[in-house]
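Source file: model_20.txt; contents: compact mmCIF, C-alpha atoms and all ligand atoms.
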# COMPACT_ATOMS: atom_id res chain seq x y z
CA PHE D 1 0.00 0.00 0.00
CA LEU D 2 3.05 2.28 0.08
CA THR D 3 3.77 1.92 -3.64
CA GLY D 4 4.74 5.28 -5.09
CA LYS D 5 5.89 6.64 -1.72
CA THR D 6 9.52 7.32 -0.89
CA ALA D 7 10.82 6.66 2.61
CA VAL D 8 14.02 8.14 4.00
CA VAL D 9 15.36 6.16 6.97
CA THR D 10 18.33 7.67 8.81
CA GLY D 11 20.95 5.30 10.21
CA SER D 12 19.61 2.38 8.22
CA ASN D 13 22.63 0.23 7.38
CA SER D 14 22.19 -1.74 10.61
CA GLY D 15 19.80 -2.73 13.41
CA ILE D 16 16.37 -1.15 13.77
CA GLY D 17 16.80 1.25 10.82
CA LEU D 18 17.54 -1.65 8.50
CA GLY D 19 14.61 -3.63 9.95
CA VAL D 20 12.28 -0.67 9.38
CA ALA D 21 13.64 -0.25 5.83
CA HIS D 22 12.87 -3.91 5.04
CA ARG D 23 9.28 -3.64 6.29
CA LEU D 24 8.61 -0.35 4.45
CA ALA D 25 10.05 -1.84 1.24
CA ARG D 26 7.93 -4.96 1.71
CA ALA D 27 4.90 -2.63 1.86
CA GLY D 28 6.00 -1.16 -1.49
CA ALA D 29 7.87 2.03 -0.54
CA ASP D 30 10.96 3.17 -2.43
CA LEU D 31 13.80 3.82 -0.03
CA VAL D 32 16.69 6.09 0.74
CA LEU D 33 19.07 4.29 3.09
CA ASN D 34 21.63 6.29 5.06
CA SER D 35 24.58 6.24 7.39
CA PHE D 36 27.77 8.26 7.85
CA THR D 37 29.88 5.66 6.02
CA ASP D 38 30.22 5.29 2.25
CA ARG D 39 31.40 1.72 1.78
CA ASP D 40 30.79 -0.79 -0.97
CA GLU D 41 28.77 -2.84 1.56
CA ASP D 42 26.40 0.11 2.08
CA HIS D 43 25.61 0.33 -1.63
CA ALA D 44 25.41 -3.47 -1.88
CA LEU D 45 22.88 -3.44 0.97
CA ALA D 46 20.73 -1.00 -1.02
CA ALA D 47 20.97 -3.17 -4.16
CA GLY D 48 20.03 -6.26 -2.14
CA LEU D 49 16.95 -4.60 -0.65
CA ALA D 50 15.86 -3.36 -4.08
CA GLU D 51 16.17 -6.84 -5.51
CA GLU D 52 14.42 -8.56 -2.60
CA HIS D 53 11.40 -6.24 -2.53
CA GLY D 54 11.20 -4.95 -6.12
CA VAL D 55 11.43 -1.29 -5.13
CA ALA D 56 13.93 1.49 -5.87
CA VAL D 57 16.57 1.83 -3.15
CA ARG D 58 19.40 4.36 -2.95
CA TYR D 59 22.11 4.67 -0.34
CA VAL D 60 23.01 8.26 0.54
CA GLN D 61 25.96 8.99 2.82
CA ALA D 62 25.24 11.78 5.33
CA ASP D 63 26.53 12.35 8.85
CA MET D 64 23.56 12.91 11.17
CA SER D 65 25.80 14.75 13.65
CA LYS D 66 25.96 17.65 11.16
CA ALA D 67 23.01 19.96 10.48
CA GLU D 68 23.99 20.57 6.85
CA ASP D 69 24.31 16.82 6.16
CA CYS D 70 20.86 16.16 7.64
CA ARG D 71 19.29 18.75 5.37
CA ALA D 72 21.35 17.62 2.37
CA LEU D 73 20.12 14.02 2.85
CA ILE D 74 16.52 15.15 2.33
CA ALA D 75 17.50 17.42 -0.58
CA ARG D 76 19.28 14.50 -2.28
CA ALA D 77 16.28 12.21 -1.67
CA GLU D 78 14.20 14.70 -3.73
CA ARG D 79 10.99 13.05 -2.45
CA CYS D 80 10.31 12.28 1.18
CA ASP D 81 6.81 11.01 1.89
CA ILE D 82 7.92 9.01 4.92
CA LEU D 83 10.74 10.14 7.19
CA VAL D 84 12.03 7.73 9.82
CA ASN D 85 14.47 9.41 12.20
CA ASN D 86 16.34 6.43 13.54
CA ALA D 87 20.09 7.21 13.67
CA GLY D 88 21.27 6.96 17.24
CA VAL D 89 24.27 6.30 19.46
CA GLN D 90 24.74 5.55 23.15
CA PHE D 91 27.34 6.33 25.78
CA VAL D 92 27.20 5.42 29.46
CA SER D 93 28.91 7.39 32.23
CA PRO D 94 28.11 9.17 35.51
CA ILE D 95 27.33 12.86 34.87
CA PRO D 96 30.52 14.39 36.37
CA ASP D 97 32.69 12.17 34.13
CA PHE D 98 30.49 12.31 31.02
CA PRO D 99 32.81 13.53 28.21
CA VAL D 100 31.49 16.80 26.77
CA GLU D 101 32.14 15.67 23.18
CA ARG D 102 30.05 12.53 23.80
CA TRP D 103 27.21 14.65 25.20
CA ASP D 104 27.34 16.94 22.17
CA ALA D 105 27.45 14.02 19.71
CA ILE D 106 24.51 12.21 21.31
CA ILE D 107 22.36 15.35 21.39
CA ALA D 108 23.30 16.07 17.75
CA ILE D 109 22.75 12.56 16.35
CA ASN D 110 19.85 11.36 18.53
CA LEU D 111 17.88 14.64 18.77
CA SER D 112 18.99 17.57 16.58
CA SER D 113 19.18 15.42 13.41
CA ALA D 114 15.42 14.76 13.67
CA PHE D 115 14.80 18.52 13.84
CA HIS D 116 16.96 19.19 10.75
CA THR D 117 15.56 16.35 8.62
CA SER D 118 11.99 17.26 9.62
CA ALA D 119 12.60 20.91 8.74
CA ALA D 120 13.80 19.87 5.28
CA ALA D 121 11.16 17.16 4.74
CA LEU D 122 7.99 19.01 5.77
CA PRO D 123 7.94 21.29 2.69
CA LEU D 124 8.28 18.19 0.45
CA MET D 125 5.44 16.42 2.31
CA ARG D 126 3.26 19.52 2.01
CA LYS D 127 3.98 19.67 -1.73
CA ALA D 128 3.06 15.99 -2.10
CA GLY D 129 -0.07 16.47 0.08
CA TRP D 130 0.75 13.58 2.43
CA GLY D 131 3.43 12.68 4.92
CA ARG D 132 4.47 10.53 7.84
CA ILE D 133 7.26 11.25 10.30
CA VAL D 134 8.20 8.35 12.55
CA ASN D 135 10.79 9.16 15.19
CA ILE D 136 12.53 6.23 16.83
CA ALA D 137 12.71 7.34 20.46
CA SER D 138 13.07 4.76 23.25
CA ALA D 139 11.63 3.57 26.55
CA HIS D 140 14.31 6.04 27.67
CA GLY D 141 12.18 8.77 26.05
CA LEU D 142 9.61 8.10 28.79
CA THR D 143 11.66 6.82 31.73
CA ALA D 144 15.27 7.15 32.87
CA SER D 145 18.24 5.04 33.92
CA PRO D 146 21.38 6.23 35.71
CA PHE D 147 24.50 6.94 33.64
CA LYS D 148 22.57 7.58 30.40
CA SER D 149 22.12 11.34 30.83
CA ALA D 150 22.69 12.36 27.21
CA TYR D 151 20.68 9.48 25.74
CA VAL D 152 17.72 9.93 28.10
CA ALA D 153 17.74 13.71 27.58
CA ALA D 154 17.91 13.32 23.79
CA LYS D 155 15.13 10.70 23.69
CA HIS D 156 12.83 12.77 25.93
CA GLY D 157 13.61 15.60 23.50
CA VAL D 158 12.59 13.43 20.55
CA VAL D 159 9.23 12.74 22.20
CA GLY D 160 8.74 16.49 22.72
CA LEU D 161 9.77 17.31 19.16
CA SER D 162 7.30 14.70 17.86
CA LYS D 163 4.46 16.43 19.72
CA VAL D 164 5.38 19.86 18.35
CA THR D 165 5.69 18.49 14.80
CA ALA D 166 2.26 16.87 15.18
CA LEU D 167 0.69 20.15 16.33
CA GLU D 168 2.25 22.13 13.48
CA THR D 169 0.86 19.61 10.94
CA ALA D 170 -2.42 18.78 12.70
CA ARG D 171 -4.67 20.28 9.99
CA GLU D 172 -2.81 18.51 7.18
CA PRO D 173 -2.64 14.88 6.06
CA ILE D 174 0.71 14.60 7.81
CA THR D 175 1.34 12.81 11.11
CA CYS D 176 4.30 12.59 13.44
CA ASN D 177 4.74 10.02 16.18
CA ALA D 178 7.49 8.42 18.22
CA ILE D 179 8.05 4.68 18.61
CA CYS D 180 9.54 3.84 21.99
CA PRO D 181 11.29 0.47 21.85
CA GLY D 182 12.49 -1.36 24.93
CA TYR D 183 15.59 -3.51 24.47
CA VAL D 184 16.07 -4.81 20.93
CA LEU D 185 19.12 -7.02 20.31
CA THR D 186 20.94 -4.91 17.70
CA PRO D 187 24.65 -3.99 17.32
CA LEU D 188 24.03 -0.95 19.61
CA VAL D 189 22.89 -3.21 22.44
CA GLU D 190 25.39 -5.96 21.61
CA ALA D 191 28.17 -3.38 22.13
CA GLN D 192 26.98 -2.70 25.70
CA ILE D 193 27.23 -6.35 26.77
CA PRO D 194 31.05 -6.67 27.26
CA GLU D 195 31.23 -3.43 29.32
CA THR D 196 28.35 -4.53 31.51
CA MET D 197 29.88 -8.02 31.94
CA LYS D 198 33.06 -6.33 33.19
CA GLU D 199 31.26 -3.83 35.39
CA TYR D 200 29.14 -6.40 37.22
CA GLY D 201 31.47 -9.41 36.85
CA MET D 202 28.64 -11.30 35.14
CA SER D 203 28.34 -13.81 32.31
CA ARG D 204 26.80 -12.75 28.99
CA ASP D 205 23.56 -14.62 29.79
CA ASP D 206 23.28 -12.98 33.20
CA VAL D 207 23.84 -9.52 31.69
CA ILE D 208 21.04 -10.18 29.22
CA ARG D 209 18.60 -11.67 31.77
CA LYS D 210 19.45 -9.83 34.99
CA VAL D 211 20.53 -6.40 33.70
CA MET D 212 19.06 -5.72 30.27
CA LEU D 213 15.78 -7.58 30.48
CA GLU D 214 15.41 -6.88 34.19
CA ARG D 215 13.08 -3.96 33.40
CA GLN D 216 11.41 -5.65 30.44
CA PRO D 217 8.58 -7.68 32.02
CA SER D 218 8.15 -9.90 28.93
CA LYS D 219 11.76 -11.07 29.48
CA GLU D 220 12.18 -11.04 25.73
CA PHE D 221 13.92 -8.63 23.39
CA ALA D 222 11.66 -6.77 20.96
CA THR D 223 12.69 -7.47 17.35
CA VAL D 224 13.62 -5.11 14.53
CA GLU D 225 10.76 -6.63 12.52
CA GLU D 226 8.28 -5.66 15.25
CA ILE D 227 9.58 -2.09 15.22
CA GLY D 228 9.39 -2.11 11.40
CA ASP D 229 5.80 -3.34 11.42
CA THR D 230 4.86 -0.63 13.94
CA ALA D 231 6.33 1.99 11.58
CA VAL D 232 4.38 0.51 8.66
CA PHE D 233 1.18 0.68 10.76
CA LEU D 234 1.84 4.37 11.47
CA CYS D 235 2.04 4.90 7.69
CA SER D 236 -1.33 3.21 7.10
CA ASP D 237 -4.73 4.88 6.70
CA ALA D 238 -5.79 3.30 10.01
CA ALA D 239 -3.24 5.55 11.73
CA ALA D 240 -4.34 8.79 10.03
CA GLN D 241 -5.64 10.24 13.33
CA ILE D 242 -2.73 8.96 15.41
CA THR D 243 -0.41 11.92 15.77
CA GLY D 244 1.72 13.52 18.46
CA THR D 245 1.89 10.40 20.55
CA THR D 246 4.21 7.56 21.51
CA ILE D 247 3.83 3.84 20.85
CA SER D 248 5.81 1.66 23.22
CA VAL D 249 7.16 -1.65 21.92
CA ASP D 250 8.84 -2.60 25.17
CA GLY D 251 7.40 -5.82 26.58
CA GLY D 252 5.72 -3.83 29.37
CA TRP D 253 8.76 -1.80 30.57
CA THR D 254 6.90 1.51 30.84
CA ALA D 255 3.92 -0.13 32.56
CA LEU D 256 6.07 -0.81 35.63
P1 LIG U 301 22.62 0.33 15.63
O1 LIG U 301 23.92 0.75 16.20
O2 LIG U 301 22.46 -1.04 15.10
O3 LIG U 301 22.14 1.33 14.53
C1 LIG U 301 22.38 2.71 14.60
C2 LIG U 301 22.38 3.23 13.20
O4 LIG U 301 22.67 4.62 13.25
C3 LIG U 301 23.45 2.57 12.34
O5 LIG U 301 22.94 2.35 11.06
C4 LIG U 301 24.55 3.62 12.32
O6 LIG U 301 25.32 3.53 11.15
C5 LIG U 301 23.72 4.88 12.34
N1 LIG U 301 24.46 6.04 12.78
C6 LIG U 301 25.21 6.21 13.89
N2 LIG U 301 25.79 7.43 13.89
C7 LIG U 301 25.39 8.04 12.74
C8 LIG U 301 25.66 9.30 12.16
N3 LIG U 301 26.47 10.18 12.75
N4 LIG U 301 25.09 9.57 10.96
C9 LIG U 301 24.29 8.68 10.34
N5 LIG U 301 24.01 7.48 10.84
C10 LIG U 301 24.54 7.16 12.03
O7 LIG U 301 21.55 0.62 16.79
P2 LIG U 301 19.99 0.32 16.90
O8 LIG U 301 19.81 -0.40 18.19
O9 LIG U 301 19.44 -0.24 15.66
O10 LIG U 301 19.45 1.80 17.14
C11 LIG U 301 18.65 2.48 16.22
C12 LIG U 301 17.79 3.50 16.96
O11 LIG U 301 16.91 2.81 17.85
C13 LIG U 301 18.60 4.47 17.81
O12 LIG U 301 18.03 5.77 17.72
C14 LIG U 301 18.43 3.91 19.20
O13 LIG U 301 18.58 4.89 20.19
C15 LIG U 301 17.03 3.38 19.12
N6 LIG U 301 16.70 2.38 20.13
C16 LIG U 301 17.36 1.18 20.19
C17 LIG U 301 17.02 0.28 21.17
C18 LIG U 301 17.68 -1.06 21.28
O14 LIG U 301 17.48 -1.75 22.27
N7 LIG U 301 18.45 -1.50 20.30
C19 LIG U 301 16.02 0.57 22.10
C20 LIG U 301 15.38 1.80 22.01
C21 LIG U 301 15.72 2.69 21.02
Written as C-alpha cells, how would this file's structure read?
Ligand code: NAD
Amino acid sequence: FLTGKTAVVTGSNSGIGLGVAHRLARAGADLVLNSFTDRDEDHALAAGLAEEHGVAVRYVQADMSKAEDCRALIARAERCDILVNNAGVQFVSPIPDFPVERWDAIIAINLSSAFHTSAAALPLMRKAGWGRIVNIASAHGLTASPFKSAYVAAKHGVVGLSKVTALETAREPITCNAICPGYVLTPLVEAQIPETMKEYGMSRDDVIRKVMLERQPSKEFATVEEIGDTAVFLCSDAAAQITGTTISVDGGWTAL
C-alpha cells in the first residue's frame, strides 16, 4: 500500500533502521538508506533490498551529527513522503565524568538530526499532500536510567519534538509520532554487553537476563521486525488520526 511513496530512513545500514527499511520496502515504498559511512557494503545493501522487494533503493551517505548533512540528505532524496528518524548512538557514564564531546554528539545525532531532517522534509510532504514522520525514540524517552544522561535527555527531546511536529501539521494529512522500543538485540545493544559483563562481573547470559531484560517484564527482546511493522502501521490509513503520541514496543517496561 506504500507503492509510489519514498521513505528516508536515517541510520539504516544496521539494526532497527535496516529492519524498518525492510518492512517499508515490503509494503511497497521506495527507499533512501543512510549512514555516515560510504562503503561498498552500504551500496550493496541497497541493491540487495531493491532486488528482494522490487522497489527502488538508494544509499546516501550523510553524517547525522551535522546539520547541513541532515538537510542535504533530504535534498538528495528529492521526495520524502515518509521520514524515519532512527540514527542513534549511546554512551554510558556518571554525569561528572560524562565527556562533553560525547554529550554533544549524542544530542546532535539522537535529537537535533530529527529537527533538521523534519525541517527539510515538511515542505516536500506539504507539496506531495501527504506525509508521515516516525521518530525512533526509546523507553528512555519516557523513563530514565542512571548513567545515560545524554541518551535519556535526547530521547525525551525526541518525544517532545514529535508532539510539536504533530501540532504544526495537525490540519494537514501529515502525522508525526514516536516509537519507543524497549531492548532490541541490535549492534548498539550488543556493544553494551562486554562493558556490563566487566562492570558487574557477570556472564553474557546474566547480563542479558538480569541487567538488560530486568526492566522488560516480557523477558524477551523486541525485534527489529516488530519495530518495522509498527512503523508501517503508522504509515497506514488506520493511523491517520494517530499523531503527536508515543507507541511503546517494550514488553511492558513503561507499565512498571
Ligand atoms: P545500531 O547501532 O544497530 O544502529 C544505529 C544506526 O545509526 C546505524 O545504522 C549507524 O550507522 C547509524 N548512525 C550512527 N551514527 C550516525 C551518524 N552520525 N550519521 C548517520 N548514521 C549514524 O543501533 P539500533 O539499536 O538499531 O538503534 C537504532 C535506533 O533505535 C537508535 O536511535 C536507538 O537509540 C534506538 N533504540 C534502540 C534500542 C535497542 O534496544 N536497540 C532501544 C530503544 C531505542
Would you mind listing the residues within 6 Å of ligand LIG 301 (chain U), counting all atoms listed in the file, as a ChimeraX atom specification?
/D:11-17,35-36,62-65,86-89,109-110,136-138,181-189
Computed gap from CA of Val57 (chain D) to CA of Asp40 (chain D) is 14.6 Å
Closest atom pairs, region 8-62 of chain D residues within 12 Å of region 233-247 of chain D, all atoms listed in the file, as JSON lines:
{"residue": "D:Val20", "atom": "CA", "partner": "D:Phe233", "partner_atom": "CA", "distance": 11.3}
{"residue": "D:Arg23", "atom": "CA", "partner": "D:Phe233", "partner_atom": "CA", "distance": 10.2}
{"residue": "D:Leu24", "atom": "CA", "partner": "D:Cys235", "partner_atom": "CA", "distance": 9.0}
{"residue": "D:Ala27", "atom": "CA", "partner": "D:Cys235", "partner_atom": "CA", "distance": 9.9}
{"residue": "D:Gly28", "atom": "CA", "partner": "D:Cys235", "partner_atom": "CA", "distance": 11.7}
{"residue": "D:Ala29", "atom": "CA", "partner": "D:Cys235", "partner_atom": "CA", "distance": 10.5}
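CA of Val8 (chain D) to CA of Gly251 (chain D) spans 27.4 Å [interatomic distance, one decimal].
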So how many Å separate CA of Trp130 (chain D) and CA of Ala178 (chain D), to one decimal?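 CA of Ala178 (chain D) lies 17.9 Å from CA of Trp130 (chain D).
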Of D:Arg79, D:Ala121, D:His22, D:Cys180, the one sitting nearest Glu51 (chain D) when using only C-alpha atoms is D:His22
#### Entry: Contact residues around Val158 (chain D) with all atoms listed in the file at 8 Å, ignoring same-chain residues under 2 positions, as number ranges by chain
D: 110-111, 114, 135, 137, 141, 154-156, 160-162, 178
Worksheet entry | Given all atoms listed in the file as the counted atoms, nearest of D:Asp104, D:Asp30, D:Glu168, D:Asp229 to His53 (chain D) |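 Among D:Asp104, D:Asp30, D:Glu168, D:Asp229, it is D:Asp30 that comes nearest to His53 (chain D).
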Residue list as a PyMOL selection string for point (23.2, 15.4, 5.9), cut-off 10 Å, all atoms listed in the file:
chain D and resi 10+34-36+60-76+113+116-117
Since the input is missing atoms for region 195-222 of chain D, could you rebuild it with N, CA and C atoms and give the result as a PDB file, in the coordinates of the input?
ATOM      1  N   GLU D 195      31.022  -4.423  28.242  1.00  0.00           N
ATOM      2  CA  GLU D 195      31.230  -3.430  29.320  1.00  0.00           C
ATOM      3  C   GLU D 195      30.465  -3.824  30.573  1.00  0.00           C
ATOM      4  N   THR D 196      29.214  -4.196  30.378  1.00  0.00           N
ATOM      5  CA  THR D 196      28.350  -4.530  31.510  1.00  0.00           C
ATOM      6  C   THR D 196      28.834  -5.808  32.182  1.00  0.00           C
ATOM      7  N   MET D 197      29.322  -6.775  31.373  1.00  0.00           N
ATOM      8  CA  MET D 197      29.880  -8.020  31.940  1.00  0.00           C
ATOM      9  C   MET D 197      31.028  -7.675  32.874  1.00  0.00           C
ATOM     10  N   LYS D 198      31.886  -6.734  32.403  1.00  0.00           N
ATOM     11  CA  LYS D 198      33.060  -6.330  33.190  1.00  0.00           C
ATOM     12  C   LYS D 198      32.618  -5.595  34.458  1.00  0.00           C
ATOM     13  N   GLU D 199      31.696  -4.662  34.267  1.00  0.00           N
ATOM     14  CA  GLU D 199      31.260  -3.830  35.390  1.00  0.00           C
ATOM     15  C   GLU D 199      30.668  -4.648  36.529  1.00  0.00           C
ATOM     16  N   TYR D 200      29.828  -5.628  36.183  1.00  0.00           N
ATOM     17  CA  TYR D 200      29.140  -6.400  37.220  1.00  0.00           C
ATOM     18  C   TYR D 200      29.782  -7.763  37.470  1.00  0.00           C
ATOM     19  N   GLY D 201      30.844  -8.094  36.719  1.00  0.00           N
ATOM     20  CA  GLY D 201      31.470  -9.410  36.850  1.00  0.00           C
ATOM     21  C   GLY D 201      30.486 -10.535  36.533  1.00  0.00           C
ATOM     22  N   MET D 202      29.714 -10.342  35.477  1.00  0.00           N
ATOM     23  CA  MET D 202      28.640 -11.300  35.140  1.00  0.00           C
ATOM     24  C   MET D 202      28.911 -11.984  33.811  1.00  0.00           C
ATOM     25  N   SER D 203      28.274 -13.118  33.607  1.00  0.00           N
ATOM     26  CA  SER D 203      28.340 -13.810  32.310  1.00  0.00           C
ATOM     27  C   SER D 203      27.437 -13.060  31.323  1.00  0.00           C
ATOM     28  N   ARG D 204      27.615 -13.365  30.034  1.00  0.00           N
ATOM     29  CA  ARG D 204      26.800 -12.750  28.990  1.00  0.00           C
ATOM     30  C   ARG D 204      25.297 -12.999  29.227  1.00  0.00           C
ATOM     31  N   ASP D 205      24.960 -14.262  29.562  1.00  0.00           N
ATOM     32  CA  ASP D 205      23.560 -14.620  29.790  1.00  0.00           C
ATOM     33  C   ASP D 205      22.962 -13.848  30.956  1.00  0.00           C
ATOM     34  N   ASP D 206      23.775 -13.702  32.036  1.00  0.00           N
ATOM     35  CA  ASP D 206      23.280 -12.980  33.200  1.00  0.00           C
ATOM     36  C   ASP D 206      23.089 -11.507  32.892  1.00  0.00           C
ATOM     37  N   VAL D 207      24.006 -10.931  32.077  1.00  0.00           N
ATOM     38  CA  VAL D 207      23.840  -9.520  31.690  1.00  0.00           C
ATOM     39  C   VAL D 207      22.529  -9.354  30.930  1.00  0.00           C
ATOM     40  N   ILE D 208      22.278 -10.276  30.016  1.00  0.00           N
ATOM     41  CA  ILE D 208      21.040 -10.180  29.220  1.00  0.00           C
ATOM     42  C   ILE D 208      19.811 -10.327  30.125  1.00  0.00           C
ATOM     43  N   ARG D 209      19.809 -11.369  30.965  1.00  0.00           N
ATOM     44  CA  ARG D 209      18.600 -11.670  31.770  1.00  0.00           C
ATOM     45  C   ARG D 209      18.450 -10.733  32.962  1.00  0.00           C
ATOM     46  N   LYS D 210      19.578 -10.533  33.694  1.00  0.00           N
ATOM     47  CA  LYS D 210      19.450  -9.830  34.990  1.00  0.00           C
ATOM     48  C   LYS D 210      19.625  -8.320  34.865  1.00  0.00           C
ATOM     49  N   VAL D 211      20.331  -7.862  33.819  1.00  0.00           N
ATOM     50  CA  VAL D 211      20.530  -6.400  33.700  1.00  0.00           C
ATOM     51  C   VAL D 211      19.613  -5.839  32.616  1.00  0.00           C
ATOM     52  N   MET D 212      19.800  -6.333  31.382  1.00  0.00           N
ATOM     53  CA  MET D 212      19.060  -5.720  30.270  1.00  0.00           C
ATOM     54  C   MET D 212      17.568  -5.986  30.351  1.00  0.00           C
ATOM     55  N   LEU D 213      17.207  -7.252  30.510  1.00  0.00           N
ATOM     56  CA  LEU D 213      15.780  -7.580  30.480  1.00  0.00           C
ATOM     57  C   LEU D 213      15.139  -7.494  31.857  1.00  0.00           C
ATOM     58  N   GLU D 214      15.931  -7.007  32.822  1.00  0.00           N
ATOM     59  CA  GLU D 214      15.410  -6.880  34.190  1.00  0.00           C
ATOM     60  C   GLU D 214      14.164  -5.998  34.197  1.00  0.00           C
ATOM     61  N   ARG D 215      14.219  -4.898  33.409  1.00  0.00           N
ATOM     62  CA  ARG D 215      13.080  -3.960  33.400  1.00  0.00           C
ATOM     63  C   ARG D 215      12.078  -4.264  32.305  1.00  0.00           C
ATOM     64  N   GLN D 216      12.332  -5.330  31.540  1.00  0.00           N
ATOM     65  CA  GLN D 216      11.410  -5.650  30.440  1.00  0.00           C
ATOM     66  C   GLN D 216      10.565  -6.854  30.884  1.00  0.00           C
ATOM     67  N   PRO D 217       9.341  -6.607  31.388  1.00  0.00           N
ATOM     68  CA  PRO D 217       8.580  -7.680  32.020  1.00  0.00           C
ATOM     69  C   PRO D 217       8.365  -8.904  31.128  1.00  0.00           C
ATOM     70  N   SER D 218       8.332  -8.730  29.817  1.00  0.00           N
ATOM     71  CA  SER D 218       8.150  -9.900  28.930  1.00  0.00           C
ATOM     72  C   SER D 218       9.340 -10.830  28.976  1.00  0.00           C
ATOM     73  N   LYS D 219      10.503 -10.309  29.447  1.00  0.00           N
ATOM     74  CA  LYS D 219      11.760 -11.070  29.480  1.00  0.00           C
ATOM     75  C   LYS D 219      12.212 -11.516  28.093  1.00  0.00           C
ATOM     76  N   GLU D 220      11.739 -10.775  27.106  1.00  0.00           N
ATOM     77  CA  GLU D 220      12.180 -11.040  25.730  1.00  0.00           C
ATOM     78  C   GLU D 220      12.591  -9.731  25.089  1.00  0.00           C
ATOM     79  N   PHE D 221      13.587  -9.793  24.202  1.00  0.00           N
ATOM     80  CA  PHE D 221      13.920  -8.630  23.390  1.00  0.00           C
ATOM     81  C   PHE D 221      12.776  -8.360  22.420  1.00  0.00           C
ATOM     82  N   ALA D 222      12.511  -7.086  22.121  1.00  0.00           N
ATOM     83  CA  ALA D 222      11.660  -6.770  20.960  1.00  0.00           C
ATOM     84  C   ALA D 222      12.533  -6.998  19.721  1.00  0.00           C
TER      85      ALA D 222
END
